[in-house]
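Asks: Contents of my_file-v3.cif (mmCIF, C-alpha atoms) are below:
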data_run
loop_
_atom_site.group_PDB
_atom_site.id
_atom_site.type_symbol
_atom_site.label_atom_id
_atom_site.label_comp_id
_atom_site.auth_asym_id
_atom_site.auth_seq_id
_atom_site.Cartn_x
_atom_site.Cartn_y
_atom_site.Cartn_z
ATOM 1 C CA MET W 9 8.421 70.227 48.735
ATOM 2 C CA ALA W 10 9.323 67.825 51.550
ATOM 3 C CA VAL W 11 6.822 66.831 54.212
ATOM 4 C CA THR W 12 8.068 66.012 57.700
ATOM 5 C CA ILE W 13 6.490 62.813 59.042
ATOM 6 C CA ASP W 14 8.328 62.805 62.376
ATOM 7 C CA GLY W 15 9.976 66.054 63.344
ATOM 8 C CA SER W 16 11.889 64.519 66.260
ATOM 9 C CA ALA W 17 13.642 62.034 63.973
ATOM 10 C CA GLY W 18 13.998 64.419 61.050
ATOM 11 C CA VAL W 19 12.606 61.972 58.489
ATOM 12 C CA THR W 20 11.089 63.608 55.426
ATOM 13 C CA THR W 21 9.373 62.342 52.316
ATOM 14 C CA ASN W 22 9.350 63.662 48.784
ATOM 15 C CA ALA W 23 6.180 64.757 46.975
ATOM 16 C CA GLY W 24 5.450 61.143 45.979
ATOM 17 C CA GLY W 25 5.555 59.963 49.598
ATOM 18 C CA SER W 26 8.743 57.892 49.437
ATOM 19 C CA VAL W 27 11.606 58.538 51.843
ATOM 20 C CA ASN W 28 14.055 61.100 50.561
ATOM 21 C CA PRO W 29 17.455 59.310 50.429
ATOM 22 C CA SER W 30 19.341 62.543 51.069
ATOM 23 C CA THR W 31 17.517 62.981 54.382
ATOM 24 C CA ASN W 32 19.108 61.498 57.444
ATOM 25 C CA ILE W 33 18.096 60.498 60.949
ATOM 26 C CA ASP W 34 20.077 62.180 63.717
ATOM 27 C CA GLY W 35 22.777 63.091 61.195
ATOM 28 C CA ILE W 36 23.267 59.517 59.911
ATOM 29 C CA ASN W 37 21.999 58.253 56.562
ATOM 30 C CA TYR W 38 20.802 54.631 56.730
ATOM 31 C CA SER W 39 19.943 54.247 53.052
ATOM 32 C CA CYS W 40 20.369 51.140 50.973
ATOM 33 C CA ARG W 41 23.676 51.720 49.146
ATOM 34 C CA ALA W 42 23.246 49.011 46.488
ATOM 35 C CA TRP W 43 20.743 46.304 45.574
ATOM 36 C CA VAL W 44 20.299 43.754 42.836
ATOM 37 C CA ASN W 45 17.940 41.002 41.724
ATOM 38 C CA PHE W 46 19.582 38.636 39.248
ATOM 39 C CA ASN W 47 19.356 35.249 37.576
ATOM 40 C CA GLY W 48 22.245 33.221 38.984
ATOM 41 C CA ALA W 49 21.518 30.060 37.002
ATOM 42 C CA GLY W 50 23.065 29.480 33.580
ATOM 43 C CA THR W 51 24.144 32.785 32.089
ATOM 44 C CA VAL W 52 24.039 35.336 34.916
ATOM 45 C CA ALA W 53 21.769 38.276 34.122
ATOM 46 C CA ILE W 54 20.646 41.292 36.155
ATOM 47 C CA ASN W 55 16.845 41.637 36.315
ATOM 48 C CA ALA W 56 16.860 44.979 38.179
ATOM 49 C CA SER W 57 19.380 46.882 40.288
ATOM 50 C CA GLY W 58 20.518 50.080 41.931
ATOM 51 C CA ASN W 59 24.214 51.040 42.135
ATOM 52 C CA VAL W 60 25.264 47.656 40.704
ATOM 53 C CA SER W 61 27.294 47.676 37.506
ATOM 54 C CA SER W 62 27.624 43.919 36.968
ATOM 55 C CA ILE W 63 27.597 40.434 38.465
ATOM 56 C CA THR W 64 30.584 38.117 38.138
ATOM 57 C CA ASP W 65 29.862 34.377 38.114
ATOM 58 C CA ASN W 66 32.776 32.805 40.038
ATOM 59 C CA GLY W 67 31.403 29.267 39.823
ATOM 60 C CA VAL W 68 28.403 27.319 41.076
ATOM 61 C CA GLY W 69 26.483 29.467 43.576
ATOM 62 C CA ASP W 70 29.360 31.949 43.931
ATOM 63 C CA TYR W 71 28.878 35.526 42.726
ATOM 64 C CA THR W 72 30.564 38.913 42.974
ATOM 65 C CA VAL W 73 28.278 41.947 43.009
ATOM 66 C CA ASN W 74 30.208 44.916 41.566
ATOM 67 C CA PHE W 75 29.137 48.422 42.637
ATOM 68 C CA THR W 76 28.777 51.309 40.192
ATOM 69 C CA THR W 77 29.779 53.819 42.886
ATOM 70 C CA ALA W 78 32.031 52.569 45.677
ATOM 71 C CA ILE W 79 30.708 52.314 49.234
ATOM 72 C CA THR W 80 32.410 54.568 51.815
ATOM 73 C CA ASP W 81 34.188 51.599 53.417
ATOM 74 C CA ALA W 82 33.826 47.816 53.640
ATOM 75 C CA ASN W 83 32.012 47.932 57.002
ATOM 76 C CA TYR W 84 28.571 47.497 55.460
ATOM 77 C CA ALA W 85 25.782 45.004 56.088
ATOM 78 C CA VAL W 86 24.687 42.564 53.393
ATOM 79 C CA SER W 87 21.278 40.958 53.242
ATOM 80 C CA GLY W 88 19.818 38.643 50.661
ATOM 81 C CA MET W 89 17.729 35.723 49.619
ATOM 82 C CA ALA W 90 17.717 33.122 46.893
ATOM 83 C CA LYS W 91 15.235 30.742 45.312
ATOM 84 C CA SER W 92 16.064 27.251 44.179
ATOM 85 C CA SER W 93 16.637 26.751 40.477
ATOM 86 C CA ASP W 94 17.167 23.006 40.787
ATOM 87 C CA THR W 95 15.882 21.532 37.519
ATOM 88 C CA ALA W 96 15.607 18.050 39.000
ATOM 89 C CA GLY W 97 12.576 19.223 40.978
ATOM 90 C CA VAL W 98 14.282 18.847 44.349
ATOM 91 C CA ARG W 99 12.788 21.376 46.740
ATOM 92 C CA MET W 100 15.511 23.367 48.481
ATOM 93 C CA ALA W 101 13.494 25.158 51.157
ATOM 94 C CA ALA W 102 16.560 25.839 53.282
ATOM 95 C CA MET W 103 18.403 27.822 50.612
ATOM 96 C CA GLN W 104 20.241 30.713 52.143
ATOM 97 C CA LEU W 105 22.441 33.541 50.963
ATOM 98 C CA ILE W 106 25.744 33.906 52.772
ATOM 99 C CA ALA W 107 28.004 36.930 52.391
ATOM 100 C CA ASN W 108 31.627 35.844 52.444
ATOM 101 C CA ALA W 109 33.150 38.288 54.942
ATOM 102 C CA THR W 110 36.651 37.757 53.549
ATOM 103 C CA ALA W 111 35.542 39.086 50.173
ATOM 104 C CA THR W 112 34.126 42.528 50.834
ATOM 105 C CA ALA W 113 35.541 45.751 49.471
ATOM 106 C CA THR W 114 34.342 49.244 48.736
ATOM 107 C CA SER W 115 33.781 48.263 45.094
ATOM 108 C CA PHE W 116 32.203 44.787 45.473
ATOM 109 C CA VAL W 117 30.803 42.084 47.734
ATOM 110 C CA ARG W 118 31.199 38.377 47.054
ATOM 111 C CA VAL W 119 28.294 36.129 48.058
ATOM 112 C CA THR W 120 27.530 32.438 47.895
ATOM 113 C CA VAL W 121 24.188 30.647 47.792
ATOM 114 C CA GLN W 122 24.314 27.553 49.987
ATOM 115 C CA TYR W 123 22.047 24.649 50.763
ATOM 116 C CA THR W 124 21.814 23.295 54.331
ATOM 117 C CA ASN W 125 24.712 20.900 53.817
ATOM 118 C CA THR W 126 26.877 23.885 52.762
ATOM 119 C CA ASP W 127 26.984 22.839 49.107
ATOM 120 C CA THR W 128 26.822 25.899 46.877
ATOM 121 C CA ARG W 129 24.016 25.975 44.324
ATOM 122 C CA ASP W 130 23.035 28.237 41.446
ATOM 123 C CA ALA W 131 19.769 30.045 42.108
ATOM 124 C CA ASN W 132 17.177 32.138 40.304
ATOM 125 C CA PRO W 133 16.451 34.728 41.416
ATOM 126 C CA VAL W 134 19.126 35.924 43.829
ATOM 127 C CA SER W 135 18.542 39.230 45.634
ATOM 128 C CA VAL W 136 21.248 41.175 47.496
ATOM 129 C CA ALA W 137 20.991 44.479 49.399
ATOM 130 C CA VAL W 138 23.860 46.476 50.927
ATOM 131 C CA PHE W 139 23.320 48.944 53.782
ATOM 132 C CA ARG W 140 25.802 51.388 55.327
#
Could you spell out this file's structure in structure tokens?
Replies:
Amino acid sequence: MAVTIDGSAGVTTNAGGSVNPSTNIDGINYSCRAWVNFNGAGTVAINASGNVSSITDNGVGDYTVNFTTAITDANYAVSGMAKSSDTAGVRMAAMQLIANATATATSFVRVTVQYTNTDTRDANPVSVAVFR
């Protein structure tokens, strides 16, 4: 049984209190379409994910996130973060995750992890979320 928490927006929750992903706001569903948390250093490995079938390691700090079920189109938003895995002990506080806009498709998104000087770096963990 769903419980309405704001009738004007049409948002409902399931019995456990989490937002029902099939429910939409004003006829538009703003759900997260895919997400992943993975180890991008050494042998790439998925720690946890939703709608992600695999990660391709394209080189240092360069990854392709492959979707299990394709996104409607490539006009989605990508968000993410990464933590330094620098074994030399260098603190990389300015690590950022950049989605390469030229490498988006309905079946994947390619992302790079970059340091402030734009050098790509492996990271662990790397988290990516896709919204549409």
Asks: So which one's closest to Phe46 (chain W), W:Ala85, W:Val60, W:Ile79, W:Val68? Using all atoms listed in the file, please.
Replies: W:Val60
Asks: Calculated over only C-alpha atoms, which of the candidates W:Ser57, W:Thr112, W:Asn45, W:Ser39 has the smallest distance to Ala82 (chain W)?
Replies: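 Of W:Ser57, W:Thr112, W:Asn45, W:Ser39, the one nearest Ala82 (chain W) is W:Thr112, counting only C-alpha atoms.
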Asks: Between CA of Ala137 (chain W) and CA of Gly48 (chain W), what is the distance, to one decimal in Å?
Replies: 15.4 Å
Asks: If the PyMOL selection byres ((chain W and resi 83) around 12) were run on this exact file, what residues would it hold? Put them as a PDB file with C-alpha atoms, keeping the file's coordinate frame.
Replies:
ATOM      1  CA  ILE W  79      30.708  52.314  49.234  1.00  0.00           C
ATOM      2  CA  THR W  80      32.410  54.568  51.815  1.00  0.00           C
ATOM      3  CA  ASP W  81      34.188  51.599  53.417  1.00  0.00           C
ATOM      4  CA  ALA W  82      33.826  47.816  53.640  1.00  0.00           C
ATOM      5  CA  TYR W  84      28.571  47.497  55.460  1.00  0.00           C
ATOM      6  CA  ALA W  85      25.782  45.004  56.088  1.00  0.00           C
ATOM      7  CA  VAL W  86      24.687  42.564  53.393  1.00  0.00           C
ATOM      8  CA  ALA W 109      33.150  38.288  54.942  1.00  0.00           C
ATOM      9  CA  THR W 110      36.651  37.757  53.549  1.00  0.00           C
ATOM     10  CA  ALA W 111      35.542  39.086  50.173  1.00  0.00           C
ATOM     11  CA  THR W 112      34.126  42.528  50.834  1.00  0.00           C
ATOM     12  CA  ALA W 113      35.541  45.751  49.471  1.00  0.00           C
ATOM     13  CA  THR W 114      34.342  49.244  48.736  1.00  0.00           C
ATOM     14  CA  PHE W 116      32.203  44.787  45.473  1.00  0.00           C
ATOM     15  CA  VAL W 117      30.803  42.084  47.734  1.00  0.00           C
ATOM     16  CA  VAL W 138      23.860  46.476  50.927  1.00  0.00           C
ATOM     17  CA  PHE W 139      23.320  48.944  53.782  1.00  0.00           C
ATOM     18  CA  ARG W 140      25.802  51.388  55.327  1.00  0.00           C
TER      19      ARG W 140
END
Asks: If I wrap all listed atoms of region 133-137 of chain W in a box with edges along x, y and z and add 3 Å on each side, what are its centre and edge lengths in Å to one decimal, as lines of an AutoDock Vina configuration file?
Replies:
center_x = 18.8
center_y = 39.6
center_z = 45.4
size_x = 10.8
size_y = 15.8
size_z = 14.0
Asks: If we count all atoms listed in the file and set the cut-off at 9 Å, which residues sit around Val73 (chain W), ignoring sequence neighbours fewer than 6 positions away in its own chain? Please answer as a list in words.
Replies: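 Returned residues: Val44, Val60, Ser61, Ser62, Ile63, Thr64, Ser115, Phe116, Val117, Arg118, Val119 and Val136 of chain W.
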Asks: Rank W:Ala49, W:Met89, W:Ala78, W:Thr120 by their smallest atom-to-atom distance to Val134 (chain W), using all atoms listed in the file, and report the top residue only.
Replies: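 Of the candidates, the smallest distance to Val134 (chain W) is held by W:Met89.
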Asks: What does the distance from CA of Ile54 (chain W) to CA of Val121 (chain W) come to in Å, to one decimal?
Replies: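 Distance between the two atoms: 16.2 Å.
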Asks: Work out how far CA of Ser87 (chain W) is from CA of Asn132 (chain W), in Å to one decimal.
Replies: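 A separation of 16.2 Å between them.
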Asks: Which one is closest to Ala42 (chain W): W:Phe75, W:Gly69, W:Gln122, W:Asn55? Count all atoms listed in the file.
Replies: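 Closest to Ala42 (chain W) of all the choices is W:Phe75.
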Asks: Please complete region 39-64 of chain W with N, CA and C atoms and give it back as a CSV table (one decimal), in the frame of the given file.
Replies:
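Contents of out_23.csv, as written:
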chain,number,residue,atom,x,y,z
W,39,SER,N,20.5,54.7,54.3
W,39,SER,CA,19.9,54.2,53.1
W,39,SER,C,20.6,53.0,52.5
W,40,CYS,N,19.8,52.3,51.7
W,40,CYS,CA,20.4,51.1,51.0
W,40,CYS,C,21.4,51.7,50.0
W,41,ARG,N,22.6,51.2,50.0
W,41,ARG,CA,23.7,51.7,49.1
W,41,ARG,C,23.7,51.0,47.8
W,42,ALA,N,23.3,49.8,47.7
W,42,ALA,CA,23.2,49.0,46.5
W,42,ALA,C,22.3,47.9,46.7
W,43,TRP,N,21.6,47.5,45.6
W,43,TRP,CA,20.7,46.3,45.6
W,43,TRP,C,20.7,45.7,44.2
W,44,VAL,N,20.4,44.4,44.1
W,44,VAL,CA,20.3,43.8,42.8
W,44,VAL,C,19.4,42.5,43.0
W,45,ASN,N,18.7,42.2,41.9
W,45,ASN,CA,17.9,41.0,41.7
W,45,ASN,C,18.5,40.4,40.4
W,46,PHE,N,19.0,39.2,40.5
W,46,PHE,CA,19.6,38.6,39.2
W,46,PHE,C,19.3,37.1,39.1
W,47,ASN,N,19.4,36.7,37.9
W,47,ASN,CA,19.4,35.2,37.6
W,47,ASN,C,20.8,34.7,37.7
W,48,GLY,N,20.9,33.8,38.7
W,48,GLY,CA,22.2,33.2,39.0
W,48,GLY,C,22.4,31.8,38.4
W,49,ALA,N,21.4,31.4,37.6
W,49,ALA,CA,21.5,30.1,37.0
W,49,ALA,C,21.8,30.2,35.5
W,50,GLY,N,22.7,29.4,35.0
W,50,GLY,CA,23.1,29.5,33.6
W,50,GLY,C,23.9,30.7,33.4
W,51,THR,N,23.5,31.5,32.3
W,51,THR,CA,24.1,32.8,32.1
W,51,THR,C,23.6,33.8,33.1
W,52,VAL,N,24.5,34.4,33.9
W,52,VAL,CA,24.0,35.3,34.9
W,52,VAL,C,23.5,36.6,34.2
W,53,ALA,N,22.4,37.1,34.7
W,53,ALA,CA,21.8,38.3,34.1
W,53,ALA,C,21.1,39.1,35.2
W,54,ILE,N,21.3,40.4,35.2
W,54,ILE,CA,20.6,41.3,36.2
W,54,ILE,C,19.2,41.6,35.7
W,55,ASN,N,18.2,41.3,36.6
W,55,ASN,CA,16.8,41.6,36.3
W,55,ASN,C,16.5,43.1,36.6
W,56,ALA,N,17.0,43.6,37.7
W,56,ALA,CA,16.9,45.0,38.2
W,56,ALA,C,17.9,45.3,39.2
W,57,SER,N,18.3,46.6,39.3
W,57,SER,CA,19.4,46.9,40.3
W,57,SER,C,19.5,48.4,40.6
W,58,GLY,N,20.2,48.7,41.6
W,58,GLY,CA,20.5,50.1,41.9
W,58,GLY,C,22.0,50.1,42.4
W,59,ASN,N,22.8,50.9,41.8
W,59,ASN,CA,24.2,51.0,42.1
W,59,ASN,C,25.0,49.7,42.0
W,60,VAL,N,24.5,48.9,41.0
W,60,VAL,CA,25.3,47.7,40.7
W,60,VAL,C,25.6,47.7,39.2
W,61,SER,N,26.9,47.6,38.9
W,61,SER,CA,27.3,47.7,37.5
W,61,SER,C,27.3,46.3,36.8
W,62,SER,N,27.6,45.2,37.6
W,62,SER,CA,27.6,43.9,37.0
W,62,SER,C,27.7,42.9,38.0
W,63,ILE,N,27.5,41.6,37.6
W,63,ILE,CA,27.6,40.4,38.5
W,63,ILE,C,28.7,39.5,37.8
W,64,THR,N,29.6,39.1,38.6
W,64,THR,CA,30.6,38.1,38.1
W,64,THR,C,30.2,36.7,38.6
